[in-house]
Each structure stands twice: as C-alpha cells, then as structure tokens.
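Novice: Below is the structure I would like to discuss, written out as structure tokens.
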Amino acid sequence: MIATALVALAAALPLSGTTVHVDAGHNGANGSHPSQINRQVPAGTGGYRKACDTTGTQTDDGRLTEARLTLDVARRLQRRLERLGARVVMTRTTNDGVGPCVDERAAIGNRARADLALSIHADGGPPGGRGFHVIAPLAARAVRPAIVAPSLRFARGLRARLDGVGLRRSTYIGGGAGLVQRSDLGGLNLSRVPKAFVELANMRNAADARLLRRTRDRDRIALALARAVTRALAP
Ligand SMILES: [Zn+2]
C-alpha cells in the first residue's frame, strides 16, 4: 500500500525518470595546483586543446571566489531538482579539490547519459559591466553537432527564467541578448548531451558582487535554473 503510494507519488513528480548533470565551475584548490590546472587536454574536434581548468574569478575584495559561489548555487539547484524527482549528477560536492579538467567535466554528463547538463559560472568582466549571460555551443568543434539545437533551446529557456526572476542581462557581452554561442569551451564541445553554461553575474562589479553574496538572491537564481530545466524536460 505504502510502496504503491510512493510509486504513484514519484510518477507525479515532473522530473521523475530524468537525469541532470550539474557542473559547478572550477574548484577551490585549482589556484594552488598550477601544473595540474594548466596542462593541455582535449577540448574539441580537430585536435583542439585547452588548459585543464582555470582558477576562476572572485570579487574584488577577495571574500567570495567563483568556485565557492558556483558550488553553493549548484547545491541549491540540486536540492530543487531532486525534490522535483530528477536524478542529479554533480561534478563536485566539495570546494577543496582540483579540477576536474574540462574534458572530464563533459565526460561526467556523457557517462551519466544526462538528459541535460548545466555548467554554472560567474564572470570576471569589466568592473562597470553587470548582468548574466548564457552560453550555448556551436557546431564548429562539437563532437556531437546534434546537441547544438536542443542546447540552444535550453539556453533560451535559461535566459527566459533568469529574466523572469528579475535578473538583468549582461551589459557588456551579447549586445543585450543575454546569450552567446561559443566554440572555444571544451565543456560544451565535448558534450554528447544537450548542455549550456550560465555566467550568473559579473563578480568584478560591486553591485553584482553584493547580489551574489545574498543567500536569497542565490536561491532566486537556483529557482530560475530549476524552472528552466523543468521546462526543458517536462514541458
Ligand atoms: Zn568560470
């Protein structure tokens, strides 16, 4: 009786049966392991290679690093998606490790046969610039060009949901579109599952940095991301 009720409950959750890869950008110990982080790894077709990973950016006062922020938002998103019934595969659950490299980040989503993958970052843009932007792949260096169209749809959904919770679009990249397509990101080029990156805000801008420090705003961001995933997987 109880088992039947649980099965019925699980079936009623909108993301039941789906798998989502949540990729928190960078890692807390990247900066102290330059040789590991700077080594070149595969990052796309045609022999394209890039550094394993980077340290990421931080607020100007040094109190908040991108690696710590992205993990916190990733965890908030994980909790929301799991409550909606998704299986969530996390690249990392701590902030004291190194990497993984961009090729491994893509491989994690591929191995999980994720229905969607989302890589969470925050930008280190010009101090006068504000706002979020979403990044979708291009076919040029993609190992599986078939993911480009669904990834772009997902990226547009992310933009709509971030708009919907009142976040502003980037004032310094994307010409007000809040969305760009790039072929220089290994995490996108090597993905065999639909995937997008989000740059939540500009950590080098004082107003954006204040926003990113507030837990209620991080929750608002996680809500928008969860809504975009739900819209993409359970329309
Ligand atoms: Zn980043």
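As shown in the structure tokens, the chain order sets the letters A, B, ...; within each chain, residues go from 1, and ligands are also counted from 1 in the order they appear.
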List as CSV every residue of chain A that is in contact with ligand 1, defined as an atom at most 9 Å from one of its atoms (using only C-alpha atoms and all ligand atoms), together with the nearest atom pair and the distance in Å rounded to one decimal, sorted by chain and then rising number.
Specialist:
residue,atom,partner,partner_atom_place_in_ligand_line,distance
A:Ala24,CA,ligand 1,1 (Zn),8.8
A:Gly25,CA,ligand 1,1 (Zn),5.4
A:His26,CA,ligand 1,1 (Zn),6.3
A:Thr54,CA,ligand 1,1 (Zn),7.6
A:Thr55,CA,ligand 1,1 (Zn),7.9
A:Gly56,CA,ligand 1,1 (Zn),4.8
A:Thr57,CA,ligand 1,1 (Zn),6.7
A:Glu66,CA,ligand 1,1 (Zn),6.6
A:Ala67,CA,ligand 1,1 (Zn),7.7
A:Thr70,CA,ligand 1,1 (Zn),8.5
A:Ser119,CA,ligand 1,1 (Zn),8.9
A:Ile120,CA,ligand 1,1 (Zn),7.5
A:His121,CA,ligand 1,1 (Zn),4.3
A:Ala122,CA,ligand 1,1 (Zn),5.6
A:Asp123,CA,ligand 1,1 (Zn),6.1
A:Gly124,CA,ligand 1,1 (Zn),8.0
A:Glu199,CA,ligand 1,1 (Zn),7.4
Novice: Within 9 Å of Gly131 of chain A, counting only C-alpha atoms, which residues show up once you throw out same-chain ones fewer than 6 positions away? Write them as a compact mmCIF listing (two decimals) with N, CA and C atoms, in the first residue's frame, please.
Specialist:
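Wrote it out as part-v7.txt, contents follow:
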# COMPACT_ATOMS: atom_id res chain seq x y z
N LEU A 167 16.50 39.08 -12.87
CA LEU A 167 17.94 39.33 -13.05
C LEU A 167 18.16 40.09 -14.35
N ARG A 168 19.18 40.95 -14.34
CA ARG A 168 19.41 41.73 -15.56
C ARG A 168 20.40 41.02 -16.48
N ARG A 169 20.18 41.23 -17.79
CA ARG A 169 21.08 40.66 -18.79
C ARG A 169 22.39 41.44 -18.82
N SER A 170 23.42 40.77 -19.28
CA SER A 170 24.74 41.38 -19.34
C SER A 170 24.72 42.69 -20.13
N THR A 171 25.39 43.69 -19.56
CA THR A 171 25.52 44.97 -20.25
C THR A 171 26.81 45.03 -21.06
N TYR A 172 27.66 43.99 -20.98
CA TYR A 172 28.99 44.09 -21.63
C TYR A 172 29.29 42.95 -22.60
N GLY A 178 21.78 38.61 -23.77
CA GLY A 178 21.93 37.71 -22.62
C GLY A 178 22.31 36.30 -23.01
N GLU A 199 26.68 32.22 -16.93
CA GLU A 199 27.52 33.15 -16.16
C GLU A 199 26.52 34.00 -15.37
N LEU A 200 26.43 33.74 -14.07
CA LEU A 200 25.33 34.27 -13.26
C LEU A 200 25.33 35.78 -13.14
N ALA A 201 26.52 36.37 -13.09
CA ALA A 201 26.66 37.82 -12.93
C ALA A 201 28.14 38.12 -13.06
N ASN A 202 28.49 39.39 -12.92
CA ASN A 202 29.89 39.81 -13.03
C ASN A 202 30.47 40.04 -11.64
N ASP A 208 26.86 43.64 -8.62
CA ASP A 208 26.67 42.21 -8.86
C ASP A 208 27.28 41.38 -7.74
Novice: Determine which residues of segment 73-222 of chain A DSSP labels as strand (DSSP E or B) from the backbone of this structure, then write them out as a ChimeraX atom specification.
Specialist: /A:87-90,116-123,132-137,169,179-182,195-202
Novice: Nearest to His133 of chain A: which of A:Asn205, A:Thr91, A:Gln181, A:Asn38 is it, counting only C-alpha atoms?
Specialist: A:Gln181
Novice: Hey, which of A:Leu64, A:Leu81, A:Ala43, A:Ile37 ends up closest to Met203 of chain A? Count only C-alpha atoms.
Specialist: A:Leu64
Novice: For each of A:Leu211, A:Val102, A:Leu84, A:Val73, take the minimum atom-to-atom distance to Ala51 of chain A, counting only C-alpha atoms, then give the residue where this is smallest.
Specialist: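 When distances to Ala51 of chain A are compared using only C-alpha atoms, the smallest one comes from A:Val102.
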Novice: When DSSP works through the backbone of this structure, what residues of segment 8-235 of chain A end up as alpha helix (DSSP H), shown as a PyMOL selection string?
Specialist: chain A and resi 8-12+34-38+66-83+102-111+148-164+186-189+206-213+215-233
Novice: Can you work out which one of A:Leu15, A:Cys101, A:Ile135, A:Val41 has the shortest atom-to-atom distance to Ala155 of chain A, counting only C-alpha atoms?
Specialist: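 Among the listed residues, A:Ile135 lies closest to Ala155 of chain A.
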Novice: Which residues are near Arg216 of chain A? Cut-off 12 Å, only C-alpha atoms, ignore same chain within fewer than 6 positions. Put them as a ChimeraX atom specification.
Specialist: /A:73,76,165,210,222-223
Novice: So how many Å separate atom CA of Ala209 of chain A and atom CA of Phe154 of chain A, to one decimal?
Specialist: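 Going from atom CA of Ala209 of chain A over to atom CA of Phe154 of chain A, I get 26.0 Å.
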Novice: Per residue of segment 102-142 of chain A within 10 Å of segment 45-49 of chain A, which atom pair is closest and at what distance in Å (one decimal), using only C-alpha atoms, listed by chain and increasing number, as a tab-separated table?
Specialist:
residue	atom	partner	partner_atom	distance
A:Asp103	CA	A:Arg49	CA	9.6
A:Ala139	CA	A:Thr45	CA	9.9
A:Ala140	CA	A:Thr45	CA	8.1
A:Arg141	CA	A:Thr45	CA	4.8
A:Ala142	CA	A:Thr45	CA	6.2
Novice: Just to be explicit: take each residue in the selection above, keep all heavy atoms, and write the result as a short mmCIF file (atom, residue, chain, number, x, y, z; two decimals), in the first residue's frame.
Specialist:
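out13.cif was written with the following content:
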data_model
loop_
_atom_site.label_atom_id
_atom_site.label_comp_id
_atom_site.auth_asym_id
_atom_site.auth_seq_id
_atom_site.Cartn_x
_atom_site.Cartn_y
_atom_site.Cartn_z
N ASP A 103 37.61 18.27 -20.07
CA ASP A 103 37.21 17.06 -20.82
C ASP A 103 36.49 16.07 -19.89
O ASP A 103 35.50 15.45 -20.28
CB ASP A 103 38.40 16.42 -21.54
CG ASP A 103 39.56 16.08 -20.62
OD1 ASP A 103 39.67 16.68 -19.52
OD2 ASP A 103 40.37 15.21 -21.00
N ALA A 139 28.43 24.38 -33.62
CA ALA A 139 28.76 23.08 -34.20
C ALA A 139 30.25 22.94 -34.53
O ALA A 139 30.77 21.83 -34.64
CB ALA A 139 27.93 22.85 -35.46
N ALA A 140 30.95 24.07 -34.69
CA ALA A 140 32.31 24.06 -35.26
C ALA A 140 33.25 23.01 -34.67
O ALA A 140 33.93 22.30 -35.41
CB ALA A 140 32.92 25.45 -35.12
N ARG A 141 33.31 22.92 -33.36
CA ARG A 141 34.24 21.96 -32.73
C ARG A 141 33.50 20.92 -31.89
O ARG A 141 34.08 20.28 -31.03
CB ARG A 141 35.23 22.71 -31.84
CG ARG A 141 36.16 23.64 -32.58
CD ARG A 141 37.24 24.15 -31.64
NE ARG A 141 38.16 25.04 -32.30
CZ ARG A 141 38.23 26.36 -32.10
NH1 ARG A 141 37.41 26.93 -31.23
NH2 ARG A 141 39.11 27.11 -32.74
N ALA A 142 32.21 20.78 -32.13
CA ALA A 142 31.38 19.89 -31.31
C ALA A 142 31.56 18.43 -31.73
O ALA A 142 31.48 18.11 -32.91
CB ALA A 142 29.92 20.29 -31.42
#
Novice: Which residues are close to Lys195 of chain A, i.e. within 6 Å by only C-alpha atoms, leaving aside same-chain residues fewer than 2 positions away? Reply as a PDB file with all heavy atoms, in the first residue's frame.
Specialist:
ATOM      1  N   LEU A 116      20.066  16.546 -19.638  1.00  0.00           N
ATOM      2  CA  LEU A 116      20.531  17.931 -19.763  1.00  0.00           C
ATOM      3  C   LEU A 116      21.759  18.092 -18.873  1.00  0.00           C
ATOM      4  O   LEU A 116      21.866  17.445 -17.828  1.00  0.00           O
ATOM      5  CB  LEU A 116      19.485  18.915 -19.245  1.00  0.00           C
ATOM      6  CG  LEU A 116      18.397  19.444 -20.147  1.00  0.00           C
ATOM      7  CD1 LEU A 116      17.582  20.477 -19.364  1.00  0.00           C
ATOM      8  CD2 LEU A 116      18.940  20.070 -21.427  1.00  0.00           C
ATOM      9  N   ALA A 117      22.646  19.001 -19.280  1.00  0.00           N
ATOM     10  CA  ALA A 117      23.781  19.359 -18.426  1.00  0.00           C
ATOM     11  C   ALA A 117      23.857  20.874 -18.338  1.00  0.00           C
ATOM     12  O   ALA A 117      23.593  21.588 -19.318  1.00  0.00           O
ATOM     13  CB  ALA A 117      25.075  18.792 -19.004  1.00  0.00           C
ATOM     14  N   LEU A 118      24.191  21.347 -17.140  1.00  0.00           N
ATOM     15  CA  LEU A 118      24.300  22.789 -16.922  1.00  0.00           C
ATOM     16  C   LEU A 118      25.591  23.066 -16.174  1.00  0.00           C
ATOM     17  O   LEU A 118      25.840  22.507 -15.106  1.00  0.00           O
ATOM     18  CB  LEU A 118      23.107  23.303 -16.104  1.00  0.00           C
ATOM     19  CG  LEU A 118      23.160  24.782 -15.727  1.00  0.00           C
ATOM     20  CD1 LEU A 118      23.181  25.666 -16.964  1.00  0.00           C
ATOM     21  CD2 LEU A 118      21.984  25.147 -14.830  1.00  0.00           C
ATOM     22  N   SER A 151      20.544  22.338 -27.206  1.00  0.00           N
ATOM     23  CA  SER A 151      21.290  23.145 -26.225  1.00  0.00           C
ATOM     24  C   SER A 151      20.902  24.613 -26.342  1.00  0.00           C
ATOM     25  O   SER A 151      20.764  25.315 -25.327  1.00  0.00           O
ATOM     26  CB  SER A 151      22.794  22.993 -26.442  1.00  0.00           C
ATOM     27  OG  SER A 151      23.209  21.655 -26.262  1.00  0.00           O
TER      28      SER A 151
END
